[in-house]
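Here's final-v7.pdb, which has PDB, C-alpha atoms:
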ATOM      1  CA  GLU Q   1     178.086  94.538 113.762
ATOM      2  CA  PHE Q   2     175.533  96.934 112.309
ATOM      3  CA  LYS Q   3     172.293  97.711 114.104
ATOM      4  CA  LEU Q   4     169.274  98.221 111.854
ATOM      5  CA  GLY Q   5     166.693 100.114 113.865
ATOM      6  CA  GLU Q   6     165.778  98.683 117.252
ATOM      7  CA  GLU Q   7     165.060  95.100 116.254
ATOM      8  CA  ALA Q   8     167.674  93.819 113.772
ATOM      9  CA  LEU Q   9     171.430  93.277 113.765
ATOM     10  CA  VAL Q  10     173.811  92.441 110.904
ATOM     11  CA  ASP Q  11     177.004  90.505 111.755
ATOM     12  CA  LEU Q  12     179.914  90.297 109.319
ATOM     13  CA  TYR Q  13     182.968  88.041 109.247
ATOM     14  CA  ARG Q  14     184.476  86.134 112.173
ATOM     15  CA  LYS Q  15     182.280  85.398 115.164
ATOM     16  CA  ASP Q  16     180.864  82.566 117.234
ATOM     17  CA  LEU Q  17     177.367  81.197 116.527
ATOM     18  CA  ASN Q  18     174.919  79.474 118.853
ATOM     19  CA  THR Q  19     172.402  77.366 116.914
ATOM     20  CA  PRO Q  20     171.531  73.651 117.197
ATOM     21  CA  TYR Q  21     173.827  72.402 114.387
ATOM     22  CA  ILE Q  22     176.323  75.279 114.062
ATOM     23  CA  ASN Q  23     177.552  76.276 117.492
ATOM     24  CA  ARG Q  24     180.520  76.903 119.769
ATOM     25  CA  ASN Q  25     180.930  73.266 120.927
ATOM     26  CA  ASP Q  26     182.710  74.924 123.840
ATOM     27  CA  ASN Q  27     183.593  72.120 126.218
ATOM     28  CA  ARG Q  28     187.237  73.048 125.627
ATOM     29  CA  MET Q  29     189.163  76.245 126.418
ATOM     30  CA  THR Q  30     188.473  77.621 122.931
ATOM     31  CA  PRO Q  31     185.185  77.367 120.990
ATOM     32  CA  ASN Q  32     184.410  76.792 117.328
ATOM     33  CA  THR Q  33     184.514  80.095 115.435
ATOM     34  CA  PHE Q  34     182.963  80.902 112.052
ATOM     35  CA  GLU Q  35     183.254  83.265 109.122
ATOM     36  CA  ASN Q  36     179.653  84.284 108.579
ATOM     37  CA  TYR Q  37     177.366  86.998 107.281
ATOM     38  CA  THR Q  38     174.067  86.997 109.154
ATOM     39  CA  LEU Q  39     170.978  89.026 109.969
ATOM     40  CA  ILE Q  40     169.217  88.397 113.276
ATOM     41  CA  GLY Q  41     166.263  90.225 114.721
ATOM     42  CA  SER Q  42     163.257  90.125 117.003
ATOM     43  CA  HIS Q  43     159.762  91.553 117.114
ATOM     44  CA  ALA Q  44     157.383  91.808 120.080
ATOM     45  CA  PHE Q  45     153.752  91.832 119.030
ATOM     46  CA  GLU Q  46     151.230  94.199 120.560
ATOM     47  CA  GLY Q  47     150.135  93.131 124.012
ATOM     48  CA  GLY Q  48     153.587  91.794 124.879
ATOM     49  CA  GLY Q  49     152.491  88.171 124.974
ATOM     50  CA  VAL Q  50     154.208  86.954 121.806
ATOM     51  CA  GLU Q  51     157.800  87.468 120.683
ATOM     52  CA  LEU Q  52     159.255  86.433 117.325
ATOM     53  CA  ARG Q  53     163.002  85.991 116.844
ATOM     54  CA  TYR Q  54     164.374  85.330 113.353
ATOM     55  CA  GLY Q  55     167.659  84.964 111.539
ATOM     56  CA  ALA Q  56     169.250  84.129 108.204
ATOM     57  CA  GLY Q  57     172.706  84.159 106.733
ATOM     58  CA  TRP Q  58     175.637  82.532 104.981
ATOM     59  CA  VAL Q  59     178.485  80.730 106.779
ATOM     60  CA  THR Q  60     181.613  80.274 104.672
ATOM     61  CA  LYS Q  61     184.313  78.850 106.973
ATOM     62  CA  ILE Q  62     184.924  77.278 110.379
ATOM     63  CA  LYS Q  63     187.884  77.190 112.741
ATOM     64  CA  GLU Q  64     187.476  74.100 114.923
ATOM     65  CA  ARG Q  65     188.129  74.487 118.647
ATOM     66  CA  ASN Q  66     191.510  72.702 118.392
ATOM     67  CA  SER Q  67     192.592  74.234 115.071
ATOM     68  CA  GLU Q  68     194.631  77.307 114.118
ATOM     69  CA  HIS Q  69     193.098  77.812 110.650
ATOM     70  CA  PHE Q  70     189.740  78.533 109.048
ATOM     71  CA  VAL Q  71     188.618  76.014 106.409
ATOM     72  CA  PRO Q  72     185.511  75.862 104.174
ATOM     73  CA  MET Q  73     182.425  74.441 105.856
ATOM     74  CA  SER Q  74     182.178  71.654 103.258
ATOM     75  CA  GLU Q  75     185.815  70.640 103.791
ATOM     76  CA  ASP Q  76     185.235  70.423 107.533
ATOM     77  CA  ALA Q  77     182.268  68.137 106.818
ATOM     78  CA  GLY Q  78     184.545  65.788 104.827
ATOM     79  CA  ALA Q  79     183.764  66.918 101.268
ATOM     80  CA  PRO Q  80     186.631  67.827  98.878
ATOM     81  CA  VAL Q  81     184.917  71.011  97.611
ATOM     82  CA  ASP Q  82     184.574  74.623  98.698
ATOM     83  CA  ARG Q  83     180.986  75.184  99.820
ATOM     84  CA  GLY Q  84     179.333  77.361 102.446
ATOM     85  CA  VAL Q  85     176.151  76.803 104.426
ATOM     86  CA  GLY Q  86     172.967  78.839 104.135
ATOM     87  CA  ILE Q  87     170.942  79.234 107.335
ATOM     88  CA  ALA Q  88     167.400  80.457 107.992
ATOM     89  CA  GLY Q  89     165.285  80.023 111.101
ATOM     90  CA  PHE Q  90     162.789  81.467 113.568
ATOM     91  CA  ASN Q  91     161.655  81.109 117.181
ATOM     92  CA  LEU Q  92     158.177  82.035 118.416
ATOM     93  CA  LYS Q  93     157.661  82.442 122.157
ATOM     94  CA  THR Q  94     154.536  82.983 124.242
ATOM     95  CA  LYS Q  95     154.105  82.854 128.024
ATOM     96  CA  ASN Q  96     154.187  79.048 128.211
ATOM     97  CA  VAL Q  97     154.976  77.796 124.701
ATOM     98  CA  THR Q  98     158.104  78.089 122.559
ATOM     99  CA  PHE Q  99     158.410  76.786 119.001
ATOM    100  CA  GLY Q 100     161.292  77.140 116.599
ATOM    101  CA  ALA Q 101     162.717  75.721 113.378
ATOM    102  CA  ILE Q 102     165.953  76.191 111.456
ATOM    103  CA  GLU Q 103     167.393  74.897 108.168
ATOM    104  CA  TYR Q 104     171.023  74.439 107.097
ATOM    105  CA  TYR Q 105     171.745  73.904 103.390
ATOM    106  CA  SER Q 106     175.125  73.159 101.809
ATOM    107  CA  SER Q 107     175.130  72.415  98.081
ATOM    108  CA  ASP Q 108     176.337  68.890  97.178
ATOM    109  CA  VAL Q 109     176.951  68.172 100.865
ATOM    110  CA  ILE Q 110     174.023  68.073 103.315
ATOM    111  CA  ASN Q 111     170.678  69.602 104.238
ATOM    112  CA  ILE Q 112     169.579  69.655 107.895
ATOM    113  CA  VAL Q 113     166.187  70.748 109.226
ATOM    114  CA  TYR Q 114     165.720  71.018 112.995
ATOM    115  CA  SER Q 115     162.570  71.940 114.921
ATOM    116  CA  GLU Q 116     161.681  72.006 118.614
ATOM    117  CA  ALA Q 117     158.634  72.823 120.734
ATOM    118  CA  LYS Q 118     158.487  73.388 124.504
ATOM    119  CA  TYR Q 119     155.728  73.893 127.036
ATOM    120  CA  ALA Q 120     156.552  75.155 130.544
ATOM    121  CA  THR Q 121     154.337  75.857 133.534
ATOM    122  CA  THR Q 122     154.542  76.214 137.316
ATOM    123  CA  LEU Q 123     151.846  74.717 139.535
ATOM    124  CA  PRO Q 124     150.547  76.470 142.677
ATOM    125  CA  SER Q 125     152.457  73.930 144.774
ATOM    126  CA  GLY Q 126     155.741  75.234 143.348
ATOM    127  CA  LEU Q 127     156.229  72.226 141.071
ATOM    128  CA  GLY Q 128     157.715  73.251 137.727
ATOM    129  CA  LEU Q 129     156.981  71.257 134.559
ATOM    130  CA  LEU Q 130     158.704  71.430 131.166
ATOM    131  CA  GLY Q 131     157.817  69.221 128.200
ATOM    132  CA  SER Q 132     159.921  69.286 125.021
ATOM    133  CA  VAL Q 133     159.754  67.651 121.585
ATOM    134  CA  GLN Q 134     162.473  67.812 118.901
ATOM    135  CA  PHE Q 135     162.804  66.577 115.318
ATOM    136  CA  THR Q 136     165.782  66.511 112.940
ATOM    137  CA  ASP Q 137     165.809  65.543 109.255
ATOM    138  CA  GLN Q 138     169.132  65.112 107.430
ATOM    139  CA  ARG Q 139     169.789  64.184 103.804
ATOM    140  CA  SER Q 140     172.445  64.502 101.121
ATOM    141  CA  THR Q 141     172.084  67.260  98.525
ATOM    142  CA  GLY Q 142     172.898  67.525  94.821
ATOM    143  CA  SER Q 143     174.139  64.799  92.509
ATOM    144  CA  ASP Q 144     177.596  64.305  93.997
ATOM    145  CA  GLU Q 145     176.674  63.283  97.570
ATOM    146  CA  LEU Q 146     180.248  64.015  98.476
ATOM    147  CA  THR Q 147     180.133  63.366 102.207
ATOM    148  CA  ALA Q 148     178.647  59.866 102.159
ATOM    149  CA  GLY Q 149     179.730  58.361  98.845
ATOM    150  CA  ASP Q 150     176.057  57.723  98.104
ATOM    151  CA  SER Q 151     172.737  59.322  98.954
ATOM    152  CA  PHE Q 152     171.487  59.223 102.536
ATOM    153  CA  ALA Q 153     168.384  60.321 104.392
ATOM    154  CA  VAL Q 154     167.819  59.921 108.130
ATOM    155  CA  ASN Q 155     165.865  61.580 110.906
ATOM    156  CA  GLN Q 156     165.599  61.511 114.672
ATOM    157  CA  VAL Q 157     162.749  62.387 117.019
ATOM    158  CA  GLY Q 158     163.141  63.110 120.717
ATOM    159  CA  VAL Q 159     160.931  63.848 123.720
ATOM    160  CA  LYS Q 160     161.956  65.130 127.133
ATOM    161  CA  PHE Q 161     160.138  65.840 130.381
ATOM    162  CA  ASP Q 162     161.595  67.878 133.264
ATOM    163  CA  VAL Q 163     160.152  68.261 136.766
ATOM    164  CA  SER Q 164     161.585  70.758 139.260
ATOM    165  CA  TYR Q 165     160.770  71.361 142.903
ATOM    166  CA  ALA Q 166     162.657  73.566 145.362
ATOM    167  CA  ASN Q 167     166.343  72.818 144.632
ATOM    168  CA  ALA Q 168     165.899  69.530 142.725
ATOM    169  CA  LEU Q 169     165.371  68.750 139.049
ATOM    170  CA  ALA Q 170     164.516  65.363 137.508
ATOM    171  CA  SER Q 171     164.624  64.690 133.758
ATOM    172  CA  LEU Q 172     163.415  61.854 131.522
ATOM    173  CA  GLY Q 173     164.318  61.728 127.826
ATOM    174  CA  TYR Q 174     163.928  59.485 124.791
ATOM    175  CA  THR Q 175     165.246  59.599 121.200
ATOM    176  CA  SER Q 176     164.727  57.354 118.176
ATOM    177  CA  THR Q 177     166.806  57.371 114.971
ATOM    178  CA  THR Q 178     165.578  55.890 111.700
ATOM    179  CA  THR Q 179     167.404  53.250 109.704
ATOM    180  CA  GLY Q 180     169.930  53.677 106.915
ATOM    181  CA  SER Q 181     172.486  56.112 108.305
ATOM    182  CA  ASN Q 182     173.915  57.597 111.477
ATOM    183  CA  MET Q 183     172.964  61.183 112.284
ATOM    184  CA  ARG Q 184     175.633  63.775 111.496
ATOM    185  CA  SER Q 185     176.837  66.902 113.275
ATOM    186  CA  PRO Q 186     179.870  68.134 111.300
ATOM    187  CA  TRP Q 187     180.083  71.699 112.672
ATOM    188  CA  SER Q 188     179.015  71.549 116.306
ATOM    189  CA  SER Q 189     178.045  69.528 119.311
ATOM    190  CA  TYR Q 190     174.975  67.317 118.790
ATOM    191  CA  PRO Q 191     171.643  68.728 120.105
ATOM    192  CA  GLY Q 192     169.793  65.423 120.752
ATOM    193  CA  TYR Q 193     168.157  65.050 124.162
ATOM    194  CA  THR Q 194     170.128  61.865 124.880
ATOM    195  CA  SER Q 195     173.497  63.273 123.742
ATOM    196  CA  VAL Q 196     175.682  63.397 126.855
ATOM    197  CA  GLN Q 197     179.332  63.714 127.845
ATOM    198  CA  VAL Q 198     180.828  60.902 125.745
ATOM    199  CA  GLU Q 199     178.191  59.397 123.437
ATOM    200  CA  ASP Q 200     175.515  60.997 121.223
ATOM    201  CA  PHE Q 201     173.274  57.888 120.927
ATOM    202  CA  ASN Q 202     172.358  58.800 117.339
ATOM    203  CA  ARG Q 203     173.379  55.718 115.361
ATOM    204  CA  ALA Q 204     171.080  54.251 112.693
ATOM    205  CA  ASP Q 205     168.113  52.363 114.240
ATOM    206  CA  GLU Q 206     169.191  53.384 117.744
ATOM    207  CA  GLN Q 207     166.735  54.204 120.483
ATOM    208  CA  ALA Q 208     167.921  55.738 123.729
ATOM    209  CA  SER Q 209     166.453  56.678 127.104
ATOM    210  CA  LEU Q 210     167.835  59.143 129.637
ATOM    211  CA  VAL Q 211     167.312  59.539 133.386
ATOM    212  CA  LYS Q 212     168.947  62.518 135.115
ATOM    213  CA  VAL Q 213     168.751  64.104 138.576
ATOM    214  CA  THR Q 214     170.259  67.478 139.548
ATOM    215  CA  TYR Q 215     170.417  69.123 142.978
ATOM    216  CA  ASP Q 216     171.462  72.581 144.173
ATOM    217  CA  PHE Q 217     172.939  72.606 147.700
ATOM    218  CA  LYS Q 218     172.320  76.290 148.505
ATOM    219  CA  ARG Q 219     169.782  75.390 151.207
ATOM    220  CA  PHE Q 220     172.684  73.858 153.138
ATOM    221  CA  GLY Q 221     174.725  77.056 152.897
ATOM    222  CA  LEU Q 222     176.755  75.825 149.911
ATOM    223  CA  ALA Q 223     176.037  78.605 147.435
ATOM    224  CA  GLY Q 224     177.020  77.733 143.875
ATOM    225  CA  VAL Q 225     177.436  73.993 144.550
ATOM    226  CA  THR Q 226     175.402  71.618 142.361
ATOM    227  CA  ALA Q 227     175.579  67.900 141.635
ATOM    228  CA  SER Q 228     173.988  65.805 138.912
ATOM    229  CA  GLY Q 229     173.939  62.168 137.882
ATOM    230  CA  LEU Q 230     172.553  60.530 134.751
ATOM    231  CA  TRP Q 231     172.164  57.225 132.952
ATOM    232  CA  VAL Q 232     171.565  56.813 129.221
ATOM    233  CA  HIS Q 233     170.782  53.413 127.675
ATOM    234  CA  GLY Q 234     170.925  52.942 123.891
ATOM    235  CA  TRP Q 235     169.540  49.884 122.107
ATOM    236  CA  GLY Q 236     168.249  48.586 118.767
ATOM    237  CA  VAL Q 237     171.390  49.068 116.638
ATOM    238  CA  ASP Q 238     172.067  46.402 113.997
ATOM    239  CA  PRO Q 239     174.412  43.837 115.679
ATOM    240  CA  ASP Q 240     176.597  43.876 112.537
ATOM    241  CA  VAL Q 241     177.187  47.612 113.064
ATOM    242  CA  GLY Q 242     177.430  48.043 116.831
ATOM    243  CA  GLN Q 243     176.241  46.994 120.249
ATOM    244  CA  ASN Q 244     173.899  48.376 122.867
ATOM    245  CA  GLU Q 245     175.565  51.127 124.909
ATOM    246  CA  ASP Q 246     175.206  52.587 128.382
ATOM    247  CA  GLU Q 247     176.702  55.765 129.798
ATOM    248  CA  TYR Q 248     176.763  56.886 133.414
ATOM    249  CA  ASP Q 249     177.922  60.416 134.250
ATOM    250  CA  PHE Q 250     178.342  62.253 137.549
ATOM    251  CA  ASP Q 251     179.040  65.970 137.733
ATOM    252  CA  LEU Q 252     179.934  68.091 140.783
ATOM    253  CA  GLN Q 253     180.336  71.841 140.270
ATOM    254  CA  TRP Q 254     181.252  74.772 142.467
ATOM    255  CA  ARG Q 255     180.735  78.198 140.947
ATOM    256  CA  PRO Q 256     182.045  80.798 143.401
ATOM    257  CA  GLN Q 257     179.735  83.760 143.892
ATOM    258  CA  GLY Q 258     180.795  87.385 143.761
TER     259      GLY Q 258
END
Is it possible to give me this structure as structure tokens?
Amino acid sequence: EFKLGEEALVDLYRKDLNTPYINRNDNRMTPNTFENYTLIGSHAFEGGGVELRYGAGWVTKIKERNSEHFVPMSEDAGAPVDRGVGIAGFNLKTKNVTFGAIEYYSSDVINIVYSEAKYATTLPSGLGLLGSVQFTDQRSTGSDELTAGDSFAVNQVGVKFDVSYANALASLGYTSTTTGSNMRSPWSSYPGYTSVQVEDFNRADEQASLVKVTYDFKRFGLAGVTASGLWVHGWGVDPDVGQNEDEYDFDLQWRPQG
């Protein structure tokens, strides 16, 4: 790592990354790791009310969480060529609003554009509100279209609304995927609002809704104990391709303090 002044940092070679479509995918003991060459930085504008974070770079290889070896990013995506992935993105944050966008481009493989906007506020009653919107566009690149065998273009839009009060949080989410192709996430976990423990609910033509409730039991003297339950329902997939799906998850966690 090389620090450039007070606001920018250059990272070289093997490291983890944490972006929507290239990330640790760390629900195992070991995360995804990458060979990458990146510049990340931030800038606070005068007045302190607006902060800009930015980044760009080149990712050449990935070591999957269950692998012992680094392989080219294109090979990991299923293409029999040696290609890297170019990344560029930004995130703009004010007191209540956050907006960001990022692009991933791999020649002859895939191009992914992801954007997200959030608005958060707290009412005088103590009720916290968070509204989020996300959009992903994916399409094949170049003339070879090596990962799909033919050209593809697909996108997904999602909305999510969270309400918190005291120690409870309730969430509602919805995603909709266009026709023609399933969404892809070759180098990471999937960032869709309705992607949960087992299913991503990102098949072609699929719509999905999410209901989730989380509670923190610290008011009962159980510091670090939380529980959550959710239900996701997916529908609209072509019957010749798949069926409607439902997933129910329950999670109980104890994180010892100290």
Item to check | Hits from the PyMOL selection byres ((chain Q and resi 115-123) around 9), listed as a PyMOL selection string | outcome: chain Q and resi 95-103+113-114+124-136
Just the selected residues (C-alpha atoms), exported as a PDB file, in the frame of the given file, please.
ATOM      1  CA  LYS Q  95     154.105  82.854 128.024  1.00  0.00           C
ATOM      2  CA  ASN Q  96     154.187  79.048 128.211  1.00  0.00           C
ATOM      3  CA  VAL Q  97     154.976  77.796 124.701  1.00  0.00           C
ATOM      4  CA  THR Q  98     158.104  78.089 122.559  1.00  0.00           C
ATOM      5  CA  PHE Q  99     158.410  76.786 119.001  1.00  0.00           C
ATOM      6  CA  GLY Q 100     161.292  77.140 116.599  1.00  0.00           C
ATOM      7  CA  ALA Q 101     162.717  75.721 113.378  1.00  0.00           C
ATOM      8  CA  ILE Q 102     165.953  76.191 111.456  1.00  0.00           C
ATOM      9  CA  GLU Q 103     167.393  74.897 108.168  1.00  0.00           C
ATOM     10  CA  VAL Q 113     166.187  70.748 109.226  1.00  0.00           C
ATOM     11  CA  TYR Q 114     165.720  71.018 112.995  1.00  0.00           C
ATOM     12  CA  PRO Q 124     150.547  76.470 142.677  1.00  0.00           C
ATOM     13  CA  SER Q 125     152.457  73.930 144.774  1.00  0.00           C
ATOM     14  CA  GLY Q 126     155.741  75.234 143.348  1.00  0.00           C
ATOM     15  CA  LEU Q 127     156.229  72.226 141.071  1.00  0.00           C
ATOM     16  CA  GLY Q 128     157.715  73.251 137.727  1.00  0.00           C
ATOM     17  CA  LEU Q 129     156.981  71.257 134.559  1.00  0.00           C
ATOM     18  CA  LEU Q 130     158.704  71.430 131.166  1.00  0.00           C
ATOM     19  CA  GLY Q 131     157.817  69.221 128.200  1.00  0.00           C
ATOM     20  CA  SER Q 132     159.921  69.286 125.021  1.00  0.00           C
ATOM     21  CA  VAL Q 133     159.754  67.651 121.585  1.00  0.00           C
ATOM     22  CA  GLN Q 134     162.473  67.812 118.901  1.00  0.00           C
ATOM     23  CA  PHE Q 135     162.804  66.577 115.318  1.00  0.00           C
ATOM     24  CA  THR Q 136     165.782  66.511 112.940  1.00  0.00           C
TER      25      THR Q 136
END
Item to check | Expansion of the PyMOL selection byres ((chain Q and resi 231) around 9) into residues, as a PyMOL selection string | outcome: chain Q and resi 209-212+229-230+232-233+246-249
Checklist entry - Exactly which residues make up the result of the PyMOL selection byres ((chain Q and resi 167) around 12) on this file, given as a PyMOL selection string? => result chain Q and resi 126-128+163-166+168-170+213-220+223-228
Next on the checklist: From the options Q:Thr30, Q:Asp200, Q:Trp187, Q:Gly258, which residue's atoms come nearest to Glu245 in chain Q, counting only C-alpha atoms?
Outcome noted: Q:Asp200
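In terms of minimum interatomic distance to Ala88 in chain Q, Q:Gly41 ranks closest within Q:Glu64, Q:Met183, Q:Gly41, Q:Pro72, counting all atoms listed in the file.
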Checklist outcome for this item: Pairwise distance, CA of Pro191 in chain Q with CA of Gln156 in chain Q, equals 10.9 Å
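The closest residue to Ile62 in chain Q, picked from Q:Gly84, Q:Gly78, Q:Gly49, Q:Pro20 and counting only C-alpha atoms, is Q:Gly84.
Counting all atoms listed in the file, the residue from Q:Ala44, Q:Met73, Q:Asn111, Q:Tyr190 that sits nearest to Thr94 in chain Q is Q:Ala44.
Picture a line from CA of Val237 in chain Q to CA of Asn202 in chain Q; it runs 9.8 Å.
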Axis-aligned box over every listed atom of range 89-97 of chain Q, padded by 6 Å per side: centre and edges in Å to one decimal, as AutoDock Vina command-line options?
--center_x 159.7 --center_y 80.4 --center_z 119.7 --size_x 23.2 --size_y 17.2 --size_z 29.1
Checklist entry - CA of Arg139 in chain Q and CA of Ser151 in chain Q, how far apart in Å? => result 7.5 Å
Quick one: residues within 7 Å of Val10 in chain Q, all atoms listed in the file counted, chain neighbours fewer than 3 positions away excluded, as an mmCIF file with C-alpha atoms, in the frame of the given file?
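Result written to part16.cif:
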data_model
loop_
_atom_site.group_PDB
_atom_site.id
_atom_site.type_symbol
_atom_site.label_atom_id
_atom_site.label_comp_id
_atom_site.auth_asym_id
_atom_site.auth_seq_id
_atom_site.Cartn_x
_atom_site.Cartn_y
_atom_site.Cartn_z
ATOM 1 C CA GLU Q 1 178.086 94.538 113.762
ATOM 2 C CA PHE Q 2 175.533 96.934 112.309
ATOM 3 C CA LYS Q 3 172.293 97.711 114.104
ATOM 4 C CA THR Q 38 174.067 86.997 109.154
ATOM 5 C CA LEU Q 39 170.978 89.026 109.969
ATOM 6 C CA ILE Q 40 169.217 88.397 113.276
#
Item to check | Contact residues around Lys61 in chain Q with all atoms listed in the file at 12 Å, ignoring same-chain residues under 4 positions, as an MDAnalysis selection string | outcome: chainID Q and resid 13:16 22 32:37 69:77 82:86 106 187
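Restricting the calculation to only C-alpha atoms, the smallest distance between Asn91 in chain Q and any of Q:Thr179, Q:Asn23, Q:Ser42, Q:Thr194 is found for Q:Ser42.
Closest approach to Arg65 in chain Q among Q:Asn27, Q:Thr175, Q:Ser140, Q:Gln257 is made by Q:Asn27 (distances from only C-alpha atoms).
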